[in-house]
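Q: Below is the file run21.cif, with mmCIF, C-alpha atoms (C1' of nucleotides).
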```cif
data_target
loop_
_atom_site.label_atom_id
_atom_site.label_comp_id
_atom_site.auth_asym_id
_atom_site.auth_seq_id
_atom_site.Cartn_x
_atom_site.Cartn_y
_atom_site.Cartn_z
CA MET M 1 -44.80 210.75 40.17
CA GLU M 2 -42.25 208.72 38.24
CA ASP M 3 -40.25 208.60 41.40
CA LYS M 4 -43.20 207.21 43.34
CA ILE M 5 -43.83 204.54 40.75
CA ALA M 6 -40.23 203.46 40.83
CA LYS M 7 -40.39 203.18 44.60
CA ILE M 8 -43.58 201.15 44.49
CA LYS M 9 -42.16 198.78 41.90
CA GLU M 10 -39.01 198.27 43.92
CA GLY M 11 -38.79 194.74 45.27
CA THR M 12 -41.97 193.60 43.54
CA VAL M 13 -42.42 191.06 40.79
CA GLU M 14 -45.12 192.92 38.89
CA VAL M 15 -47.54 195.81 38.93
CA ILE M 16 -50.71 195.23 36.97
CA ASP M 17 -51.24 197.69 35.47
CA GLU M 18 -48.72 200.49 35.63
CA ASN M 19 -50.84 202.99 33.72
CA GLU M 20 -53.70 202.42 36.11
CA LEU M 21 -51.29 202.97 38.96
CA LYS M 22 -50.60 206.44 37.63
CA GLU M 23 -54.30 207.29 37.74
CA ILE M 24 -54.49 206.02 41.30
CA LEU M 25 -51.54 208.11 42.40
CA ALA M 26 -53.44 211.15 41.25
CA LYS M 27 -56.21 210.40 43.73
CA ASP M 28 -56.46 212.10 47.08
CA LYS M 29 -56.23 209.23 49.54
CA PRO M 30 -56.00 205.97 47.62
CA ILE M 31 -56.52 202.71 49.48
CA ALA M 32 -54.18 199.72 49.47
CA TYR M 33 -55.19 196.43 50.98
CA THR M 34 -53.73 193.02 51.70
CA GLY M 35 -55.60 190.08 53.10
CA TYR M 36 -54.01 187.49 55.35
CA GLU M 37 -55.40 184.22 56.50
CA PRO M 38 -54.75 184.19 60.21
CA SER M 39 -51.69 182.06 60.64
CA GLY M 40 -49.97 180.43 63.61
CA LYS M 41 -46.81 182.35 62.88
CA ILE M 42 -46.14 185.54 60.99
CA HIS M 43 -42.89 185.01 59.14
CA LEU M 44 -40.51 186.82 56.83
CA GLY M 45 -42.69 186.03 53.83
CA HIS M 46 -45.56 187.94 55.39
CA ALA M 47 -43.14 190.66 56.40
CA ILE M 48 -42.26 191.40 52.79
CA THR M 49 -45.81 192.45 52.07
CA ILE M 50 -46.12 194.30 55.37
CA MET M 51 -43.02 196.33 54.57
CA LYS M 52 -44.46 197.16 51.18
CA LEU M 53 -47.67 198.32 52.83
CA LYS M 54 -45.63 200.51 55.15
CA GLN M 55 -43.97 202.06 52.16
CA LEU M 56 -47.32 202.65 50.47
CA GLU M 57 -48.53 204.29 53.65
CA SER M 58 -45.56 206.65 53.59
CA LEU M 59 -46.46 207.49 50.00
CA GLY M 60 -49.92 208.65 51.04
CA PHE M 61 -52.01 205.50 50.86
CA LYS M 62 -54.59 204.49 53.38
CA ILE M 63 -53.84 200.92 54.44
CA LYS M 64 -56.45 198.29 55.11
CA ILE M 65 -55.48 194.86 56.36
CA LEU M 66 -58.03 192.14 56.04
CA LEU M 67 -57.80 189.52 58.74
CA ALA M 68 -59.39 186.87 56.58
CA ASP M 69 -60.92 184.63 59.20
CA TYR M 70 -63.60 183.19 56.93
CA HIS M 71 -61.03 182.47 54.26
CA ALA M 72 -58.90 180.58 56.75
CA PHE M 73 -61.98 178.69 57.87
CA LEU M 74 -62.87 177.79 54.29
CA ASN M 75 -59.28 176.66 53.81
CA GLY M 76 -59.53 174.20 56.67
CA LYS M 77 -57.29 176.11 59.09
CA GLY M 78 -59.38 175.38 62.16
CA THR M 79 -62.53 176.33 63.99
CA VAL M 80 -63.93 179.83 63.85
CA GLU M 81 -62.95 180.35 67.51
CA GLU M 82 -59.35 179.25 67.00
CA ILE M 83 -59.02 181.47 63.98
CA ALA M 84 -60.40 184.47 65.87
CA GLU M 85 -57.65 184.04 68.45
CA THR M 86 -54.99 183.68 65.80
CA ALA M 87 -56.27 186.81 64.09
CA GLU M 88 -55.72 188.83 67.26
CA TYR M 89 -52.19 187.51 67.55
CA ASN M 90 -51.50 188.31 63.90
CA LYS M 91 -52.80 191.82 64.32
CA LYS M 92 -50.30 192.33 67.09
CA CYS M 93 -47.51 190.99 64.88
CA PHE M 94 -48.44 193.38 62.09
CA LYS M 95 -48.46 196.26 64.52
CA ALA M 96 -45.11 195.13 65.83
CA LEU M 97 -43.82 195.36 62.28
CA GLY M 98 -44.83 198.99 62.21
CA LEU M 99 -48.39 199.21 60.94
CA ILE M 100 -49.80 200.76 64.07
CA GLU M 101 -51.72 203.98 63.78
CA ASN M 102 -53.00 204.66 60.33
CA THR M 103 -53.83 201.10 59.43
CA GLU M 104 -57.35 199.81 59.50
CA TYR M 105 -57.65 196.19 60.59
CA ILE M 106 -60.81 194.53 59.40
CA LEU M 107 -62.07 191.11 60.33
CA GLY M 108 -63.52 189.36 57.30
CA SER M 109 -66.54 187.97 59.09
CA GLU M 110 -67.60 191.50 60.01
CA PHE M 111 -68.79 192.22 56.50
CA GLN M 112 -68.61 189.03 54.48
CA THR M 113 -72.17 187.97 55.24
CA LYS M 114 -73.82 191.22 54.21
CA GLY M 115 -76.35 191.30 51.40
CA GLU M 116 -74.46 193.25 48.81
CA TYR M 117 -71.37 191.20 49.49
CA THR M 118 -72.99 187.80 49.15
CA ASN M 119 -74.87 188.99 46.10
CA ASN M 120 -71.52 189.78 44.48
CA VAL M 121 -70.24 186.33 45.40
CA TYR M 122 -73.29 184.67 43.81
CA GLN M 123 -72.94 186.82 40.71
CA LEU M 124 -69.32 185.79 40.41
CA ALA M 125 -70.31 182.17 40.96
CA THR M 126 -72.38 182.28 37.79
CA LEU M 127 -69.53 183.82 35.83
CA THR M 128 -66.67 181.63 36.96
CA THR M 129 -66.00 178.11 35.78
CA LEU M 130 -65.23 175.42 38.32
CA LYS M 131 -61.86 174.75 36.75
CA ARG M 132 -60.85 178.39 36.78
CA ALA M 133 -61.78 178.78 40.43
CA ARG M 134 -59.94 175.63 41.41
CA ARG M 135 -56.91 176.56 39.38
CA SER M 136 -56.71 179.97 41.01
CA MET M 137 -56.29 178.19 44.33
CA ASP M 138 -53.33 176.06 43.24
CA MET M 139 -50.80 177.95 45.34
CA VAL M 140 -53.13 178.93 48.14
CA SER M 141 -55.26 175.94 48.96
CA ARG M 142 -54.32 173.62 51.74
CA GLU M 143 -53.66 170.33 50.02
CA ASP M 144 -56.74 168.21 50.42
CA GLU M 145 -57.32 164.72 49.13
CA ASN M 146 -60.98 165.62 48.89
CA PRO M 147 -61.19 169.27 47.89
CA LYS M 148 -64.24 171.04 49.23
CA VAL M 149 -66.62 173.42 47.56
CA ALA M 150 -65.18 175.95 50.00
CA SER M 151 -62.02 176.16 47.93
CA THR M 152 -63.99 177.51 44.98
CA ILE M 153 -65.94 180.04 47.06
CA TYR M 154 -62.66 181.37 48.41
CA PRO M 155 -61.44 183.23 45.30
CA LEU M 156 -64.92 184.64 44.69
CA MET M 157 -64.95 186.06 48.19
CA GLN M 158 -61.51 187.50 47.72
CA THR M 159 -62.84 189.26 44.64
CA ALA M 160 -65.84 190.58 46.54
CA ASP M 161 -63.49 191.76 49.30
CA MET M 162 -61.81 194.14 46.89
CA ALA M 163 -65.13 195.76 46.12
CA ALA M 164 -66.27 195.86 49.73
CA LEU M 165 -63.02 197.41 50.91
CA GLU M 166 -63.05 199.87 48.00
CA CYS M 167 -59.37 199.33 47.46
CA ASP M 168 -57.33 200.89 44.68
CA ILE M 169 -54.45 198.50 45.12
CA ALA M 170 -54.54 194.83 46.05
CA LEU M 171 -51.14 193.73 47.28
CA GLY M 172 -50.14 190.14 47.74
CA GLY M 173 -47.46 187.54 47.39
CA LEU M 174 -46.99 185.95 44.00
CA GLU M 175 -49.03 182.94 45.13
CA GLN M 176 -52.09 185.20 44.98
CA ARG M 177 -51.59 185.93 41.31
CA LYS M 178 -54.24 183.66 39.81
CA ILE M 179 -56.89 184.76 42.28
CA GLN M 180 -56.06 188.39 41.66
CA MET M 181 -56.24 187.96 37.89
CA LEU M 182 -59.59 186.24 38.31
CA ALA M 183 -60.72 189.27 40.31
CA ARG M 184 -59.50 191.72 37.70
CA GLU M 185 -61.53 189.83 35.16
CA GLY M 186 -64.60 189.36 37.33
CA LEU M 187 -65.11 192.77 38.91
CA PRO M 188 -65.67 194.66 35.63
CA LYS M 189 -68.32 192.10 34.72
CA LEU M 190 -70.20 193.23 37.81
CA GLY M 191 -69.73 196.82 36.76
CA LEU M 192 -67.10 197.33 39.43
CA LYS M 193 -63.61 198.70 39.13
CA ALA M 194 -60.77 196.24 39.54
CA PRO M 195 -57.84 197.32 41.68
CA VAL M 196 -54.25 197.49 40.55
CA CYS M 197 -52.61 194.25 41.57
CA ILE M 198 -49.10 194.26 42.95
CA HIS M 199 -47.25 191.06 43.64
CA THR M 200 -44.21 190.58 45.81
CA PRO M 201 -41.79 187.72 45.34
CA LEU M 202 -42.00 184.57 47.38
CA LEU M 203 -39.16 183.77 49.71
CA HIS M 204 -37.65 180.33 49.46
CA GLY M 205 -37.95 178.23 52.59
CA LEU M 206 -34.92 177.95 54.84
CA ASP M 207 -34.76 174.33 53.70
CA GLY M 208 -34.46 175.45 50.09
CA ASP M 209 -38.08 174.62 49.37
CA ASP M 210 -39.86 176.78 46.79
CA LYS M 211 -41.88 178.69 49.36
CA MET M 212 -41.45 179.79 52.92
CA SER M 213 -44.65 178.66 54.54
CA SER M 214 -45.98 178.29 58.03
CA SER M 215 -47.24 174.80 57.35
CA LYS M 216 -43.74 173.56 56.49
CA GLY M 217 -41.87 175.07 59.41
CA ASN M 218 -39.16 176.40 57.11
CA PHE M 219 -39.47 180.02 58.15
CA ILE M 220 -38.14 182.65 60.49
CA ALA M 221 -41.03 184.08 62.45
CA VAL M 222 -40.98 187.79 63.11
CA ASP M 223 -41.21 187.08 66.83
CA ASP M 224 -38.70 184.22 66.93
CA SER M 225 -36.25 184.33 69.83
CA GLU M 226 -32.57 185.07 69.25
CA GLU M 227 -31.83 181.41 69.84
CA ASP M 228 -34.43 180.31 67.29
CA ILE M 229 -33.05 182.70 64.72
CA LYS M 230 -29.55 181.35 65.29
CA THR M 231 -30.38 177.69 65.06
CA LYS M 232 -32.77 178.11 62.16
CA ILE M 233 -30.23 179.99 60.07
CA LYS M 234 -27.47 177.60 61.04
CA GLN M 235 -29.54 174.69 59.73
CA SER M 236 -30.54 176.49 56.56
CA TYR M 237 -29.90 175.38 53.04
CA CYS M 238 -27.11 177.54 51.66
CA PRO M 239 -25.12 176.11 48.75
CA LYS M 240 -21.71 177.64 48.24
CA GLY M 241 -21.45 179.96 45.26
CA GLU M 242 -25.14 179.78 44.45
CA ILE M 243 -27.37 182.81 44.51
CA GLU M 244 -30.46 181.42 42.82
CA GLY M 245 -32.92 179.97 45.29
CA ASN M 246 -30.57 180.65 48.17
CA PRO M 247 -32.78 181.72 51.08
CA LEU M 248 -30.00 183.63 52.84
CA ILE M 249 -29.16 185.67 49.78
CA GLU M 250 -32.85 186.41 49.47
CA ILE M 251 -33.06 187.54 53.07
CA ALA M 252 -30.15 189.87 52.41
CA GLU M 253 -31.87 191.29 49.34
CA HIS M 254 -35.22 191.85 51.03
CA PHE M 255 -34.34 192.66 54.61
CA VAL M 256 -30.85 194.14 54.57
CA TYR M 257 -30.32 196.22 51.46
CA PRO M 258 -33.62 198.09 51.40
CA PHE M 259 -32.45 199.59 54.72
CA GLU M 260 -28.65 199.43 54.76
CA ASP M 261 -26.03 200.15 52.12
CA LYS M 262 -23.66 197.54 53.48
CA LEU M 263 -23.91 194.16 55.11
CA ILE M 264 -21.36 193.78 57.86
CA ILE M 265 -19.61 190.46 57.85
CA GLU M 266 -17.55 189.66 60.89
CA ARG M 267 -15.14 186.77 60.65
CA PRO M 268 -11.87 185.69 62.22
CA GLU M 269 -8.58 186.81 60.69
CA LYS M 270 -7.78 183.29 59.60
CA PHE M 271 -10.80 183.40 57.30
CA GLY M 272 -9.90 186.81 55.92
CA GLY M 273 -11.16 189.28 58.52
CA ASN M 274 -14.20 191.53 58.50
CA LEU M 275 -15.98 192.82 55.42
CA GLU M 276 -18.61 195.37 54.55
CA LEU M 277 -20.40 194.45 51.36
CA SER M 278 -22.82 196.33 49.18
CA LYS M 279 -25.54 194.33 47.50
CA GLU M 280 -23.59 194.17 44.25
CA GLU M 281 -20.41 193.17 46.04
CA LEU M 282 -22.17 190.45 48.00
CA LEU M 283 -23.80 188.94 44.93
CA LYS M 284 -20.51 189.05 43.05
CA ILE M 285 -18.25 187.66 45.72
CA TYR M 286 -20.74 185.00 46.77
CA SER M 287 -21.52 183.75 43.31
CA GLU M 288 -17.79 183.52 42.65
CA GLY M 289 -17.56 181.21 45.63
CA ASN M 290 -15.32 183.62 47.48
CA LEU M 291 -17.53 184.09 50.50
CA HIS M 292 -18.03 181.09 52.72
CA PRO M 293 -21.68 180.28 53.41
CA MET M 294 -21.01 180.24 57.13
CA ASP M 295 -19.77 183.82 57.01
CA LEU M 296 -22.95 184.80 55.24
CA LYS M 297 -25.04 182.89 57.75
CA ASN M 298 -23.35 184.52 60.71
CA ALA M 299 -23.77 187.97 59.18
CA ILE M 300 -27.44 187.42 58.42
CA THR M 301 -28.02 185.95 61.87
CA ASN M 302 -26.54 189.00 63.57
CA TYR M 303 -28.43 191.34 61.31
CA MET M 304 -31.80 189.64 61.66
CA ILE M 305 -31.52 189.42 65.43
CA GLU M 306 -31.17 193.20 65.48
CA PHE M 307 -33.71 193.77 62.71
CA LEU M 308 -36.39 191.87 64.57
CA ARG M 309 -35.47 193.14 68.03
CA PRO M 310 -38.19 195.86 68.05
CA VAL M 311 -40.74 193.27 66.99
CA ARG M 312 -39.83 190.95 69.87
CA LYS M 313 -39.92 193.89 72.22
CA TYR M 314 -43.37 194.95 71.05
CA MET M 315 -44.68 191.40 71.26
CA ASN M 316 -43.43 190.92 74.80
CA LYS M 317 -44.89 194.07 76.27
"C1'" C E 1 -82.81 155.98 49.89
"C1'" C E 2 -80.17 151.39 47.62
"C1'" C E 3 -75.57 148.67 45.95
"C1'" G E 4 -70.20 148.12 45.60
"C1'" C E 5 -65.30 149.49 47.06
"C1'" C E 6 -61.71 152.08 50.37
"C1'" U E 7 -59.57 153.57 55.57
"C1'" U E 8 -52.34 150.39 58.29
"C1'" A E 9 -46.07 155.21 60.88
"C1'" G E 10 -45.92 162.46 59.40
"C1'" C E 11 -46.46 160.84 53.66
"C1'" U E 12 -46.84 156.73 49.74
"C1'" C E 13 -47.89 151.92 50.35
"C1'" A E 14 -46.63 146.33 51.91
"C1'" A E 15 -48.18 142.27 55.23
"C1'" U E 16 -48.37 134.63 50.52
"C1'" U E 17 -54.09 131.20 47.73
"C1'" U E 18 -56.43 129.71 53.36
"C1'" G E 19 -56.00 134.19 60.66
"C1'" G E 20 -49.79 133.01 63.53
"C1'" C E 21 -44.60 138.56 66.82
"C1'" A E 22 -47.22 144.97 61.85
"C1'" G E 23 -42.89 146.06 57.56
"C1'" A E 24 -40.41 149.06 53.45
"C1'" G E 25 -39.37 153.62 50.88
"C1'" C E 26 -39.63 158.77 51.66
"C1'" G E 27 -39.52 162.17 55.61
"C1'" U E 28 -37.88 163.05 60.86
"C1'" U E 29 -33.94 162.66 64.64
"C1'" G E 30 -28.70 161.58 65.92
"C1'" G E 31 -23.71 160.75 64.38
"C1'" A E 32 -19.51 160.65 60.27
"C1'" C E 33 -17.64 163.83 56.27
"C1'" U E 34 -17.23 168.79 55.03
"C1'" G E 35 -15.10 175.93 58.16
"C1'" U E 36 -22.66 176.09 56.80
"C1'" A E 37 -26.74 173.60 54.99
"C1'" G E 38 -27.38 169.99 51.11
"C1'" A E 39 -25.53 165.46 48.77
"C1'" U E 40 -23.25 160.82 50.48
"C1'" C E 41 -22.33 157.04 54.38
"C1'" C E 42 -23.76 154.92 59.23
"C1'" A E 43 -27.43 154.54 63.17
"C1'" A E 44 -32.06 155.29 65.67
"C1'" A E 45 -37.07 156.52 66.78
"C1'" U E 46 -42.23 156.33 65.40
"C1'" G E 47 -48.31 152.71 65.26
"C1'" U E 48 -55.19 152.58 69.76
"C1'" U E 49 -54.00 148.97 61.74
"C1'" G E 50 -60.83 154.78 61.27
"C1'" C E 51 -64.24 153.65 65.81
"C1'" U E 52 -67.01 149.75 68.14
"C1'" G E 53 -68.96 144.83 69.42
"C1'" G E 54 -68.24 139.62 68.32
"C1'" U E 55 -65.94 134.58 66.64
"C1'" U E 56 -61.04 132.32 67.91
"C1'" C E 57 -55.78 129.66 71.95
"C1'" A E 58 -54.59 133.75 68.42
"C1'" A E 59 -57.75 139.12 64.21
"C1'" G E 60 -54.70 144.38 60.01
"C1'" U E 61 -56.86 139.66 58.08
"C1'" C E 62 -63.29 136.48 59.54
"C1'" C E 63 -68.58 138.34 61.08
"C1'" G E 64 -71.98 142.62 62.83
"C1'" G E 65 -72.75 147.89 63.78
"C1'" C E 66 -71.07 153.04 63.27
"C1'" A E 67 -68.15 157.15 61.03
"C1'" G E 68 -65.57 159.32 56.97
"C1'" G E 69 -64.37 158.91 51.80
"C1'" C E 70 -64.83 157.22 46.55
"C1'" G E 71 -67.84 155.25 42.56
"C1'" G E 72 -72.47 153.88 40.71
"C1'" G E 73 -77.85 153.37 40.93
"C1'" A E 74 -82.62 154.98 42.20
"C1'" C E 75 -85.95 159.17 42.71
"C1'" C E 76 -86.86 163.14 38.95
"C1'" A E 77 -95.65 163.44 39.22
#
```
Can you dump the structure from the file as structure tokens?

A:
Amino acid sequence: MEDKIAKIKEGTVEVIDENELKEILAKDKPIAYTGYEPSGKIHLGHAITIMKLKQLESLGFKIKILLADYHAFLNGKGTVEEIAETAEYNKKCFKALGLIENTEYILGSEFQTKGEYTNNVYQLATLTTLKRARRSMDMVSREDENPKVASTIYPLMQTADMAALECDIALGGLEQRKIQMLAREGLPKLGLKAPVCIHTPLLHGLDGDDKMSSSKGNFIAVDDSEEDIKTKIKQSYCPKGEIEGNPLIEIAEHFVYPFEDKLIIERPEKFGGNLELSKEELLKIYSEGNLHPMDLKNAITNYMIEFLRPVRKYMNK
RNA sequence: CCCGCCUUAGCUCAAUUUGGCAGAGCGUUGGACUGUAGAUCCAAAUGUUGCUGGUUCAAGUCCGGCAGGCGGGACCA
């Protein structure tokens, strides 16, 4: 039990609430869900949550992935038809990342117009202030000079989703935090049980921006070609000696060390020869300025090309 | 339904009272400097001026219509 909790917490920012998590772990087949707005590219940021879902699956959870087509529509991401296509593509990406057999993929529009669901949304609408709803969308909403009513319906629907999907855990990136907290507050008011909310950290963009995001093009997509991975990493922001906000250090933390004890760094003799670094060693040597950024970049490039090889393979078949 | 205002490069905005070759900053791209990127320096690219009709030798600029947006008013039997 304690062991499971430690595993679940690993690589997350917060679990709200840990005591409730214990109760959930006692259940027979608890349900964990994450919702994704269909997106043109599935990138490493998405992959962090997918990997966490995989882990939850291995710990006995049933996984539900919401392909949130209506949410994307409300967020101005395109026409319903375009979004439906993107959703199919995303589903394939998620499968390529390993969520194949025991994962239930659910299209939002399949249930988000039903009576009980919309009733919950209307109930929540009477309980939620405009400001609170808008504020919850700060990190999620597409920036819009003229914000639409849609952006305030969005968090209410996300709350209703949790009830409809009967989830015990709602997993999401940290940008979801305010919506999730709104949900934890709102659901009990409807006499419903709020899920445990788990938030994963946000990856910095390759350009050093606060957030890796498909709209900014500062990401590595899970199905990027080897060439794309190379050039993207080569052009990445990577200040010497700095660990904080360094996207390549973050990639190492989230994509290398959960799976490998050592990161292999190959470099010519004139630069000191090859190295194999544990996480602690990497952080130490890099922050001391004793590992050249280019060596780190080359190592991460080689690693990520291999890491994502099965994904590319799956996507191409 | 009525009135007023707004719409110019990817973004923020210029374009002299009184029509005269559509510009800047940021961003983007390319080079220089670095064993990476960034910073810095140098260079370059980018426009159906919301759409549409008209006046004029000449319209971003003046007139009409339309669309979208913002603000207000009216209606509240």

Q: Of the residues E:U61, E:U36, E:U56, E:U48, which is the one nearest to chain M, using only C-alpha atoms (C1' of nucleotides)?

A: E:U36

Q: Between M:Lys22, M:Arg267, M:Lys262, M:Lys317, which is the closest to His292 in chain M once you count only C-alpha atoms?

A: M:Arg267

Q: Per residue of chain E within 9 Å of chain M, which atom pair is closest and at what distance in Å (one decimal), using all atoms listed in the file, listed by chain and increasing number, as a Markdown table?

A:
```
| residue | atom | partner | partner_atom | distance |
| --- | --- | --- | --- | --- |
| E:G35 | C1' | M:Met294 | CA | 7.4 |
| E:U36 | C1' | M:Met294 | CA | 4.5 |
| E:A37 | C1' | M:Tyr237 | CA | 4.1 |
| E:G38 | C1' | M:Tyr237 | CA | 6.3 |
| E:G69 | C1' | M:Asn146 | CA | 8.1 |
```

Q: Produce a file of the selected residues containing C-alpha atoms (C1' of nucleotides), as a compact mmCIF listing (two decimals), keeping the file's coordinate frame.

A:
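Wrote out_13.txt, looks like this:
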```
# COMPACT_ATOMS: atom_id res chain seq x y z
C1' G E 35 -15.10 175.93 58.16
C1' U E 36 -22.66 176.09 56.80
C1' A E 37 -26.74 173.60 54.99
C1' G E 38 -27.38 169.99 51.11
C1' G E 69 -64.37 158.91 51.80
```

Q: Which distance in Å separates C1' of G19 in chain E and C1' of G47 in chain E, to one decimal?

A: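 C1' of G47 in chain E lies 20.6 Å from C1' of G19 in chain E.
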
Q: What's the 8 Å shell around Tyr286 in chain M, counting all atoms listed in the file, without same-chain residues fewer than 3 positions away, as a PyMOL selection string?

A: chain M and resi 240-243+282-283+289-292
